[in-house]
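The next block is upload-v4.txt, given as compact mmCIF, C-alpha atoms.
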```
# COMPACT_ATOMS: atom_id res chain seq x y z
CA MET P 1 -59.85 -16.33 47.03
CA ALA P 2 -56.33 -15.00 46.89
CA LYS P 3 -55.60 -15.08 50.61
CA ASP P 4 -51.92 -15.76 50.01
CA MET P 5 -51.50 -12.42 48.26
CA THR P 6 -50.86 -9.01 49.76
CA LEU P 7 -51.00 -5.72 47.91
CA LEU P 8 -50.09 -2.38 49.46
CA TRP P 9 -51.13 0.41 47.15
CA GLY P 10 -51.83 4.12 46.77
CA SER P 11 -54.80 5.62 44.98
CA GLY P 12 -54.23 7.09 41.52
CA SER P 13 -50.78 5.56 41.01
CA PRO P 14 -50.70 3.89 37.59
CA PRO P 15 -48.25 1.16 38.73
CA CYS P 16 -50.53 0.22 41.64
CA TRP P 17 -53.64 0.38 39.53
CA ARG P 18 -52.16 -1.99 36.96
CA VAL P 19 -51.63 -4.72 39.51
CA MET P 20 -55.18 -4.24 40.83
CA ILE P 21 -56.61 -4.55 37.31
CA ALA P 22 -54.55 -7.68 36.62
CA LEU P 23 -55.75 -9.28 39.88
CA GLU P 24 -59.38 -8.54 38.99
CA GLU P 25 -58.96 -9.85 35.46
CA LYS P 26 -57.50 -13.11 36.74
CA GLY P 27 -60.35 -13.57 39.23
CA LEU P 28 -58.00 -13.09 42.17
CA GLN P 29 -60.28 -11.11 44.43
CA GLY P 30 -60.01 -11.46 48.20
CA TYR P 31 -56.32 -10.67 48.50
CA ASN P 32 -55.04 -8.73 51.49
CA SER P 33 -55.40 -5.19 50.29
CA LYS P 34 -54.16 -2.13 52.12
CA GLN P 35 -54.51 1.38 50.80
CA LEU P 36 -51.80 3.79 51.92
CA SER P 37 -51.48 7.55 51.57
CA PHE P 38 -48.61 9.03 49.58
CA GLU P 39 -49.49 12.46 51.06
CA LYS P 40 -48.97 11.14 54.59
CA GLY P 41 -45.74 9.42 53.55
CA GLU P 42 -47.13 5.99 54.39
CA HIS P 43 -45.25 4.46 51.46
CA LYS P 44 -42.09 4.99 53.52
CA GLY P 45 -43.54 3.08 56.49
CA LYS P 46 -42.21 -0.22 57.78
CA ASP P 47 -45.01 -2.36 56.29
CA VAL P 48 -43.92 -1.23 52.85
CA LEU P 49 -40.18 -1.34 53.51
CA ALA P 50 -40.50 -4.97 54.61
CA ILE P 51 -41.68 -5.84 51.09
CA ASN P 52 -40.26 -3.05 48.97
CA PRO P 53 -36.91 -1.69 50.23
CA ARG P 54 -37.21 1.38 48.01
CA GLY P 55 -40.31 2.49 49.91
CA GLN P 56 -42.43 2.58 46.78
CA LEU P 57 -45.89 1.36 45.92
CA PRO P 58 -47.08 -1.12 44.85
CA ALA P 59 -45.61 -3.59 47.29
CA PHE P 60 -46.89 -7.02 46.30
CA LYS P 61 -46.36 -10.50 47.65
CA HIS P 62 -47.69 -13.87 46.57
CA GLY P 63 -46.69 -16.40 49.19
CA ASN P 64 -42.92 -16.06 49.44
CA VAL P 65 -42.58 -14.33 46.11
CA THR P 66 -42.16 -10.55 45.97
CA LEU P 67 -43.03 -8.61 42.84
CA ASN P 68 -43.01 -4.87 43.37
CA GLU P 69 -42.48 -3.87 39.78
CA SER P 70 -45.88 -3.49 38.17
CA TYR P 71 -44.81 -4.85 34.78
CA GLY P 72 -43.29 -7.88 36.44
CA ALA P 73 -46.30 -8.46 38.69
CA CYS P 74 -48.75 -8.31 35.78
CA ILE P 75 -46.75 -10.67 33.55
CA TYR P 76 -46.24 -13.04 36.49
CA LEU P 77 -49.96 -13.12 37.35
CA GLU P 78 -50.89 -13.91 33.77
CA GLU P 79 -48.34 -16.74 33.60
CA GLN P 80 -49.15 -18.22 37.01
CA PHE P 81 -52.92 -18.11 36.50
CA LYS P 82 -53.04 -18.79 32.78
CA GLY P 83 -56.19 -20.88 32.94
CA GLN P 84 -58.06 -18.65 35.34
CA GLY P 85 -60.15 -15.53 34.75
CA ASN P 86 -59.57 -13.59 31.55
CA LYS P 87 -56.70 -14.47 29.25
CA LEU P 88 -54.41 -11.43 29.04
CA LYS P 89 -52.08 -12.77 26.38
CA PRO P 90 -53.46 -13.21 22.84
CA GLU P 91 -53.23 -16.56 21.00
CA ASN P 92 -52.06 -14.93 17.82
CA GLN P 93 -48.29 -14.38 17.69
CA ALA P 94 -48.49 -11.09 15.80
CA GLU P 95 -50.82 -9.77 18.52
CA VAL P 96 -48.42 -11.00 21.20
CA ALA P 97 -45.58 -9.07 19.55
CA LEU P 98 -47.74 -5.96 19.32
CA MET P 99 -48.72 -6.41 22.96
CA TYR P 100 -45.05 -6.39 24.01
CA GLN P 101 -44.23 -3.45 21.79
CA ARG P 102 -47.12 -1.36 23.14
CA MET P 103 -46.72 -2.25 26.79
CA PHE P 104 -43.10 -1.13 26.88
CA GLU P 105 -43.71 1.94 24.77
CA GLU P 106 -45.74 3.23 27.67
CA GLN P 107 -42.48 4.43 29.15
CA SER P 108 -42.31 7.12 26.47
CA LEU P 109 -45.79 8.31 27.44
CA PHE P 110 -45.48 8.73 31.15
CA TYR P 111 -44.78 12.33 31.92
CA ASP P 112 -45.15 12.99 35.60
CA ARG P 113 -41.60 13.39 36.86
CA PHE P 114 -41.24 15.44 40.01
CA VAL P 115 -38.79 18.36 39.83
CA PRO P 116 -38.07 20.47 42.92
CA GLU P 117 -39.29 24.04 42.57
CA ALA P 118 -35.79 25.57 42.54
CA GLU P 119 -34.84 23.40 39.57
CA ARG P 120 -37.85 24.10 37.39
CA HIS P 121 -37.39 25.85 34.06
CA ASP P 122 -39.93 27.17 31.61
CA SER P 123 -37.75 25.78 28.82
CA ALA P 124 -37.97 22.29 30.32
CA LYS P 125 -41.69 22.59 30.87
CA GLN P 126 -42.24 23.68 27.27
CA ARG P 127 -40.05 20.89 25.96
CA PHE P 128 -41.81 18.23 28.02
CA THR P 129 -45.20 19.56 26.99
CA GLY P 130 -44.18 19.42 23.34
CA GLN P 131 -42.77 15.92 23.71
CA LEU P 132 -45.90 14.75 25.50
CA LYS P 133 -48.12 16.14 22.77
CA ASP P 134 -46.05 14.41 20.06
CA GLU P 135 -46.17 11.21 22.05
CA ILE P 136 -49.94 11.32 22.56
CA LYS P 137 -50.32 11.88 18.80
CA ILE P 138 -48.39 8.65 18.22
CA TRP P 139 -50.87 6.78 20.42
CA GLU P 140 -53.84 8.45 18.75
CA GLY P 141 -52.39 7.11 15.49
CA TYR P 142 -52.11 3.62 16.95
CA MET P 143 -55.77 3.65 17.91
CA GLN P 144 -56.67 4.74 14.40
CA ALA P 145 -54.83 1.75 12.97
CA THR P 146 -55.68 -0.91 15.55
CA GLY P 147 -58.48 -1.54 17.92
CA PRO P 148 -60.55 -1.75 19.89
CA TYR P 149 -57.67 -2.63 22.21
CA LEU P 150 -54.00 -1.71 22.10
CA ALA P 151 -52.79 -5.01 20.68
CA GLY P 152 -55.84 -5.57 18.47
CA LYS P 153 -59.01 -7.53 19.06
CA ASN P 154 -58.30 -8.69 22.58
CA PHE P 155 -57.89 -6.91 25.87
CA SER P 156 -54.34 -7.83 26.91
CA LEU P 157 -51.47 -7.02 29.23
CA ALA P 158 -50.80 -3.99 27.02
CA ASP P 159 -54.12 -2.51 28.16
CA VAL P 160 -53.52 -3.47 31.79
CA ILE P 161 -50.21 -1.58 31.67
CA VAL P 162 -51.08 1.41 29.49
CA PHE P 163 -54.72 2.16 30.32
CA PRO P 164 -54.01 3.68 33.76
CA VAL P 165 -51.70 6.20 32.09
CA ILE P 166 -54.30 7.07 29.45
CA ALA P 167 -56.87 7.53 32.23
CA PHE P 168 -54.38 9.74 34.03
CA LEU P 169 -54.02 11.95 30.93
CA PHE P 170 -57.78 12.44 30.68
CA ARG P 171 -57.99 13.03 34.42
CA PHE P 172 -55.52 15.85 33.80
CA GLY P 173 -57.76 17.39 31.22
CA LEU P 174 -56.70 15.89 27.88
CA ASN P 175 -59.20 17.17 25.33
CA GLU P 176 -61.39 14.40 23.91
CA GLU P 177 -61.96 16.33 20.70
CA HIS P 178 -58.25 16.63 19.99
CA PHE P 179 -57.68 12.90 20.49
CA PRO P 180 -60.96 11.23 19.55
CA LYS P 181 -59.66 7.68 19.08
CA LEU P 182 -57.85 7.71 22.38
CA ALA P 183 -60.98 9.14 24.00
CA ALA P 184 -63.09 6.32 22.52
CA TYR P 185 -60.58 3.80 23.86
CA HIS P 186 -60.67 5.45 27.29
CA ASN P 187 -64.46 5.44 27.33
CA THR P 188 -64.65 1.77 26.33
CA VAL P 189 -62.12 0.48 28.82
CA LYS P 190 -63.25 2.58 31.75
CA ASP P 191 -66.50 0.62 31.88
CA ARG P 192 -64.76 -2.73 32.02
CA PRO P 193 -65.52 -4.40 35.37
CA SER P 194 -61.86 -4.85 36.38
CA VAL P 195 -61.28 -1.15 35.75
CA LYS P 196 -64.51 0.08 37.32
CA ASN P 197 -63.91 -1.97 40.46
CA THR P 198 -60.46 -0.47 40.90
CA TRP P 199 -61.09 3.11 39.78
CA PRO P 200 -59.02 5.45 42.01
CA SER P 201 -61.21 6.30 44.98
CA ASN P 202 -59.79 9.80 45.28
CA TRP P 203 -60.76 10.54 41.67
CA LYS P 204 -64.41 9.89 42.40
CA ASP P 205 -64.76 12.70 44.93
CA THR P 206 -62.53 15.35 43.44
CA PRO P 207 -62.75 17.27 40.17
CA GLY P 208 -60.35 16.54 37.34
CA MET P 209 -57.57 18.95 36.52
CA ASP P 210 -57.01 20.98 33.40
CA ALA P 211 -53.22 20.91 33.05
CA LEU P 212 -53.41 19.19 29.66
CA LYS P 213 -56.52 20.81 28.22
CA ASN P 214 -54.63 22.78 25.57
CA LEU P 215 -52.65 19.87 24.17
CA MET E 1 -29.44 -17.92 10.07
CA ALA E 2 -31.77 -15.13 11.01
CA LYS E 3 -32.07 -13.53 7.58
CA ASP E 4 -35.63 -12.42 8.27
CA MET E 5 -34.44 -10.16 11.10
CA THR E 6 -33.08 -6.62 10.93
CA LEU E 7 -31.47 -4.74 13.77
CA LEU E 8 -30.38 -1.11 13.57
CA TRP E 9 -28.29 -0.25 16.59
CA GLY E 10 -25.82 2.17 18.15
CA SER E 11 -22.70 1.22 20.04
CA GLY E 12 -22.78 1.46 23.84
CA SER E 13 -26.55 1.88 24.12
CA PRO E 14 -27.81 -0.59 26.75
CA PRO E 15 -31.18 -1.08 25.00
CA CYS E 16 -29.43 -1.98 21.72
CA TRP E 17 -26.91 -4.19 23.44
CA ARG E 18 -29.64 -6.18 25.18
CA VAL E 19 -31.23 -7.16 21.90
CA MET E 20 -27.84 -8.15 20.50
CA ILE E 21 -27.11 -10.35 23.53
CA ALA E 22 -30.54 -11.98 23.29
CA LEU E 23 -30.02 -12.73 19.59
CA GLU E 24 -26.62 -14.32 20.31
CA GLU E 25 -28.01 -16.37 23.20
CA LYS E 26 -30.81 -17.72 21.02
CA GLY E 27 -28.37 -18.68 18.27
CA LEU E 28 -29.82 -16.09 15.91
CA GLN E 29 -26.64 -14.93 14.26
CA GLY E 30 -26.68 -13.77 10.67
CA TYR E 31 -29.40 -11.16 11.01
CA ASN E 32 -29.19 -7.95 9.00
CA SER E 33 -27.19 -5.76 11.29
CA LYS E 34 -26.52 -2.09 10.76
CA GLN E 35 -24.55 0.04 13.17
CA LEU E 36 -25.51 3.71 13.20
CA SER E 37 -23.89 6.70 14.86
CA PHE E 38 -25.78 8.66 17.51
CA GLU E 39 -23.13 11.40 17.22
CA LYS E 40 -23.89 11.85 13.53
CA GLY E 41 -27.64 11.80 14.23
CA GLU E 42 -28.12 8.68 12.12
CA HIS E 43 -30.82 7.43 14.53
CA LYS E 44 -33.03 10.16 13.07
CA GLY E 45 -32.49 8.95 9.51
CA LYS E 46 -35.17 7.47 7.30
CA ASP E 47 -34.05 3.83 7.70
CA VAL E 48 -34.72 4.11 11.41
CA LEU E 49 -37.89 6.17 11.11
CA ALA E 50 -39.37 3.52 8.82
CA ILE E 51 -39.15 1.02 11.69
CA ASN E 52 -39.16 3.23 14.77
CA PRO E 53 -41.18 6.44 14.37
CA ARG E 54 -39.59 7.94 17.48
CA GLY E 55 -36.18 7.87 15.77
CA GLN E 56 -34.62 5.79 18.52
CA LEU E 57 -32.39 2.76 18.56
CA PRO E 58 -32.74 -0.17 18.62
CA ALA E 59 -35.03 -0.50 15.63
CA PHE E 60 -35.79 -4.21 15.25
CA LYS E 61 -37.88 -6.22 12.83
CA HIS E 62 -38.58 -9.92 12.56
CA GLY E 63 -40.48 -10.51 9.34
CA ASN E 64 -43.51 -8.22 9.60
CA VAL E 65 -43.22 -7.84 13.34
CA THR E 66 -41.65 -4.68 14.81
CA LEU E 67 -40.23 -4.69 18.31
CA ASN E 68 -38.28 -1.55 19.10
CA GLU E 69 -38.57 -1.73 22.85
CA SER E 70 -35.63 -3.74 24.16
CA TYR E 71 -37.58 -5.42 26.95
CA GLY E 72 -40.27 -6.45 24.52
CA ALA E 73 -37.78 -7.67 21.92
CA CYS E 74 -35.89 -9.82 24.44
CA ILE E 75 -39.02 -11.41 25.91
CA TYR E 76 -40.38 -12.00 22.41
CA LEU E 77 -37.17 -13.67 21.20
CA GLU E 78 -37.13 -16.02 24.19
CA GLU E 79 -40.77 -16.98 23.62
CA GLN E 80 -40.50 -17.39 19.86
CA PHE E 81 -37.28 -19.40 19.99
CA LYS E 82 -37.88 -21.30 23.21
CA GLY E 83 -36.27 -24.49 22.03
CA GLN E 84 -33.29 -22.87 20.36
CA GLY E 85 -29.96 -21.68 21.79
CA ASN E 86 -29.78 -20.97 25.50
CA LYS E 87 -32.91 -20.97 27.63
CA LEU E 88 -33.32 -17.48 29.09
CA LYS E 89 -36.26 -18.26 31.36
CA PRO E 90 -35.66 -20.53 34.37
CA GLU E 91 -37.77 -23.67 34.94
CA ASN E 92 -38.24 -22.90 38.60
CA GLN E 93 -41.19 -20.57 39.28
CA ALA E 94 -39.51 -18.72 42.15
CA GLU E 95 -36.59 -17.95 39.84
CA VAL E 96 -38.99 -16.76 37.16
CA ALA E 97 -40.59 -14.38 39.65
CA LEU E 98 -37.17 -13.10 40.71
CA MET E 99 -36.21 -12.72 37.07
CA TYR E 100 -39.23 -10.47 36.45
CA GLN E 101 -38.63 -8.49 39.62
CA ARG E 102 -34.97 -7.84 38.81
CA MET E 103 -35.41 -7.09 35.13
CA PHE E 104 -37.93 -4.33 35.77
CA GLU E 105 -36.05 -2.94 38.76
CA GLU E 106 -33.35 -1.98 36.27
CA GLN E 107 -35.38 1.14 35.63
CA SER E 108 -34.39 2.43 39.06
CA LEU E 109 -30.74 1.92 38.22
CA PHE E 110 -30.41 3.67 34.94
CA TYR E 111 -29.07 7.14 35.50
CA ASP E 112 -28.11 8.75 32.25
CA ARG E 113 -30.79 11.33 31.57
CA PHE E 114 -29.73 14.18 29.35
CA VAL E 115 -30.35 17.67 30.76
CA PRO E 116 -29.56 20.76 28.66
CA GLU E 117 -26.73 22.82 30.10
CA ALA E 118 -28.91 25.81 31.00
CA GLU E 119 -31.15 23.58 33.11
CA ARG E 120 -28.42 21.86 35.09
CA HIS E 121 -28.26 22.31 38.86
CA ASP E 122 -25.67 21.20 41.36
CA SER E 123 -28.52 20.26 43.70
CA ALA E 124 -29.97 17.93 41.07
CA LYS E 125 -26.59 16.43 40.31
CA GLN E 126 -25.92 15.77 43.98
CA ARG E 127 -29.35 14.26 44.47
CA PHE E 128 -28.98 11.96 41.46
CA THR E 129 -25.51 10.91 42.56
CA GLY E 130 -26.82 10.07 46.04
CA GLN E 131 -29.77 8.16 44.61
CA LEU E 132 -27.52 6.26 42.24
CA LYS E 133 -25.19 5.27 45.05
CA ASP E 134 -28.11 4.05 47.18
CA GLU E 135 -29.45 2.16 44.22
CA ILE E 136 -26.13 0.48 43.41
CA LYS E 137 -25.89 -0.57 47.07
CA ILE E 138 -29.24 -2.32 46.69
CA TRP E 139 -27.86 -4.30 43.75
CA GLU E 140 -24.63 -5.08 45.60
CA GLY E 141 -26.87 -6.53 48.34
CA TYR E 142 -28.77 -8.62 45.79
CA MET E 143 -25.53 -10.13 44.54
CA GLN E 144 -24.54 -10.96 48.11
CA ALA E 145 -27.80 -12.84 48.59
CA THR E 146 -28.18 -14.50 45.19
CA GLY E 147 -25.87 -15.61 42.48
CA PRO E 148 -24.05 -16.17 40.36
CA TYR E 149 -26.72 -14.59 38.17
CA LEU E 150 -29.38 -12.02 38.96
CA ALA E 151 -32.25 -14.47 39.27
CA GLY E 152 -30.13 -17.23 40.83
CA LYS E 153 -28.39 -20.20 39.30
CA ASN E 154 -29.24 -19.54 35.68
CA PHE E 155 -28.35 -16.80 33.26
CA SER E 156 -31.75 -15.35 32.33
CA LEU E 157 -33.56 -12.44 30.73
CA ALA E 158 -32.79 -10.47 33.91
CA ASP E 159 -29.10 -10.62 33.01
CA VAL E 160 -29.75 -9.81 29.36
CA ILE E 161 -31.61 -6.67 30.45
CA VAL E 162 -29.55 -5.51 33.43
CA PHE E 163 -25.98 -6.51 32.55
CA PRO E 164 -25.46 -3.76 29.93
CA VAL E 165 -26.31 -1.18 32.58
CA ILE E 166 -23.91 -2.73 35.09
CA ALA E 167 -21.21 -2.73 32.40
CA PHE E 168 -22.02 0.91 31.72
CA LEU E 169 -21.49 1.77 35.41
CA PHE E 170 -18.06 0.14 35.43
CA ARG E 171 -17.23 1.79 32.13
CA PHE E 172 -17.94 5.07 33.93
CA GLY E 173 -15.50 4.23 36.64
CA LEU E 174 -17.49 2.45 39.34
CA ASN E 175 -14.95 1.30 41.93
CA GLU E 176 -14.64 -2.50 42.08
CA GLU E 177 -13.48 -2.38 45.69
CA HIS E 178 -16.56 -0.50 46.83
CA PHE E 179 -18.90 -2.95 45.12
CA PRO E 180 -17.06 -6.28 45.10
CA LYS E 181 -20.05 -8.56 44.44
CA LEU E 182 -21.24 -6.48 41.57
CA ALA E 183 -17.67 -6.39 40.23
CA ALA E 184 -17.47 -10.19 40.42
CA TYR E 185 -20.77 -10.44 38.55
CA HIS E 186 -19.50 -8.00 35.93
CA ASN E 187 -16.28 -9.94 35.49
CA THR E 188 -18.09 -13.26 35.14
CA VAL E 189 -20.67 -12.13 32.63
CA LYS E 190 -18.34 -10.03 30.50
CA ASP E 191 -16.56 -13.21 29.37
CA ARG E 192 -19.76 -14.90 28.28
CA PRO E 193 -19.62 -15.45 24.49
CA SER E 194 -22.88 -13.58 23.77
CA VAL E 195 -21.54 -10.59 25.68
CA LYS E 196 -18.01 -10.73 24.33
CA ASN E 197 -19.27 -10.98 20.74
CA THR E 198 -21.40 -7.87 21.19
CA TRP E 199 -19.13 -5.76 23.40
CA PRO E 200 -19.47 -2.08 22.34
CA SER E 201 -16.89 -1.53 19.63
CA ASN E 202 -16.28 2.07 20.70
CA TRP E 203 -15.43 0.89 24.23
CA LYS E 204 -12.57 -1.22 22.95
CA ASP E 205 -10.59 1.68 21.51
CA THR E 206 -11.27 4.41 24.03
CA PRO E 207 -10.44 4.66 27.72
CA GLY E 208 -13.14 4.34 30.35
CA MET E 209 -14.35 7.39 32.25
CA ASP E 210 -14.09 8.20 35.91
CA ALA E 211 -17.39 9.98 36.58
CA LEU E 212 -18.44 7.36 39.13
CA LYS E 213 -15.10 6.54 40.72
CA ASN E 214 -15.97 8.14 44.07
CA LEU E 215 -19.29 6.39 44.57
```
Could you spell out this file's structure in structure tokens?
Amino acid sequence: MAKDMTLLWGSGSPPCWRVMIALEEKGLQGYNSKQLSFEKGEHKGKDVLAINPRGQLPAFKHGNVTLNESYGACIYLEEQFKGQGNKLKPENQAEVALMYQRMFEEQSLFYDRFVPEAERHDSAKQRFTGQLKDEIKIWEGYMQATGPYLAGKNFSLADVIVFPVIAFLFRFGLNEEHFPKLAAYHNTVKDRPSVKNTWPSNWKDTPGMDALKNL
Amino acid sequence: MAKDMTLLWGSGSPPCWRVMIALEEKGLQGYNSKQLSFEKGEHKGKDVLAINPRGQLPAFKHGNVTLNESYGACIYLEEQFKGQGNKLKPENQAEVALMYQRMFEEQSLFYDRFVPEAERHDSAKQRFTGQLKDEIKIWEGYMQATGPYLAGKNFSLADVIVFPVIAFLFRFGLNEEHFPKLAAYHNTVKDRPSVKNTWPSNWKDTPGMDALKNL
């Protein structure tokens, strides 16, 4: 039981979800978990600010240690609890290298950057859509070459980091027929217990969106 | 001699510079190094595309392993060459946690996102400038609380990752009197051999800029 850990999180946020998956994978259930609402602005509340001065989620503590950055939290949990739960770092050094390459490439894939209405441009929207499509094609190619997981044979930190973004894309209507390998990956990983147990609660009750259906 | 390593890089790019610092710190001089020009579009050339399909720099190979993401490359180099050169990961677990927190927080600090001229807005510029100032204040506060390095007593991967961005800010005119702790950090680290040996060549011959002088 991980009673010395506290996680403040919001539903559907990939960074939050990553930390939740990592905690499940490492057998660290029973932490102090508090779901907050982005819509209600609860991520700017004093509980969060006490841990994360930027007022962002996740806000995560383990004893006296604060790790609000999801990448950092996931790597830290794997290192601190190496012998516990599922191993998230492959034995094979080539797989480890691929794991690091893939996990940080995720930053080219994430597309949801808020722009105030008065600053929106069709040209920007078109460009981002084109870039996102090119980027998703790169990942489809990866899953053709490697598998079943992102770094090869083993579920690893790369999947913990990247899967929530892939799930997000399908939630936003990405067409399974256009990206069959990515869809197969999504369908495999979504049934993994750590992922099922942490699936965004607000996704269960609301329909998906179709913003990406034509990609 | 690191003859089985190849690094294609561009001058003044923080991601490239990080990998160069990490290689120096680990005593991995003698790698195949090729400087390319962003201005001439050389990062879209076939040498780069063969290693990095996005046509971005750095493009880095070690034997058969490709690590183009600077975070991934730096972590990988520290792990692969643990016993060689300078240790970039502290022994103390609290320092390790702080190292991970700080290195990934860098993503809140980086500000240079290209926007085409037709899509530029004064409102966006003002907002980004305000956010950047708030963000730099957070880092000034960190350096008041901890030091001399970002994760505490030891130079670590956090410095390898974040220092190039701090140097970038001062290159763009950040006022040393407004951010004295950050300035002290900058002045300490810039004389470190790994940093001196890799200092952007185009910064040596051209004056700094003053875009940030009023922050």
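Within 8 Å of Gly173 in chain P, once all atoms listed in the file are used and residues closer than 3 positions along the same chain are dropped, the contacting residues are Leu169, Phe170, Gly208, Met209, Asp210, Ala211, Leu212 and Lys213 of chain P.
We find CA of Phe172 in chain P and CA of Pro14 in chain P to be spaced 13.4 Å apart.
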Per-residue nearest contacts of chain P to chain E (7 Å; all atoms listed in the file) as a tab-separated table:
```
residue	atom	partner	partner_atom	distance
P:Val65	CA	E:Ala94	CA	6.7
P:Leu67	CA	E:Gln101	CA	5.5
P:Asn68	CA	E:Gln101	CA	6.8
P:Glu69	CA	E:Gln101	CA	6.0
P:Tyr71	CA	E:Phe104	CA	7.0
P:Gly72	CA	E:Tyr100	CA	4.8
P:Tyr76	CA	E:Ala97	CA	6.6
P:Ala94	CA	E:Val65	CA	6.7
P:Ala97	CA	E:Tyr76	CA	6.6
P:Tyr100	CA	E:Gly72	CA	4.8
P:Gln101	CA	E:Leu67	CA	5.4
P:Phe104	CA	E:Glu69	CA	6.1
P:Glu105	CA	E:Glu69	CA	6.6
P:Glu119	CA	E:His121	CA	6.7
P:His121	CA	E:Glu119	CA	6.7
```
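Minimum distance to Gln131 in chain P across P:Leu36, P:Ile51, P:Val195, P:Leu215 (counting all atoms listed in the file) occurs at P:Leu215.
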Write out as a PyMOL selection string each polymer residue whose atoms come within 9 Å of Leu132 in chain P, counting only C-alpha atoms; drop sequence neighbours fewer than 5 positions from it. chain P and resi 108-111+127+137+215
Would you put the residues from that selection into a file with C-alpha atoms, as an mmCIF file, in the frame of the given file?
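Generated file (again_21.cif):
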```cif
data_model
loop_
_atom_site.group_PDB
_atom_site.id
_atom_site.type_symbol
_atom_site.label_atom_id
_atom_site.label_comp_id
_atom_site.auth_asym_id
_atom_site.auth_seq_id
_atom_site.Cartn_x
_atom_site.Cartn_y
_atom_site.Cartn_z
ATOM 1 C CA SER P 108 -42.310 7.120 26.470
ATOM 2 C CA LEU P 109 -45.790 8.310 27.440
ATOM 3 C CA PHE P 110 -45.480 8.730 31.150
ATOM 4 C CA TYR P 111 -44.780 12.330 31.920
ATOM 5 C CA ARG P 127 -40.050 20.890 25.960
ATOM 6 C CA LYS P 137 -50.320 11.880 18.800
ATOM 7 C CA LEU P 215 -52.650 19.870 24.170
#
```
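Distance-wise, CA of Asn197 in chain P and CA of Asn52 in chain P end up 25.2 Å apart.
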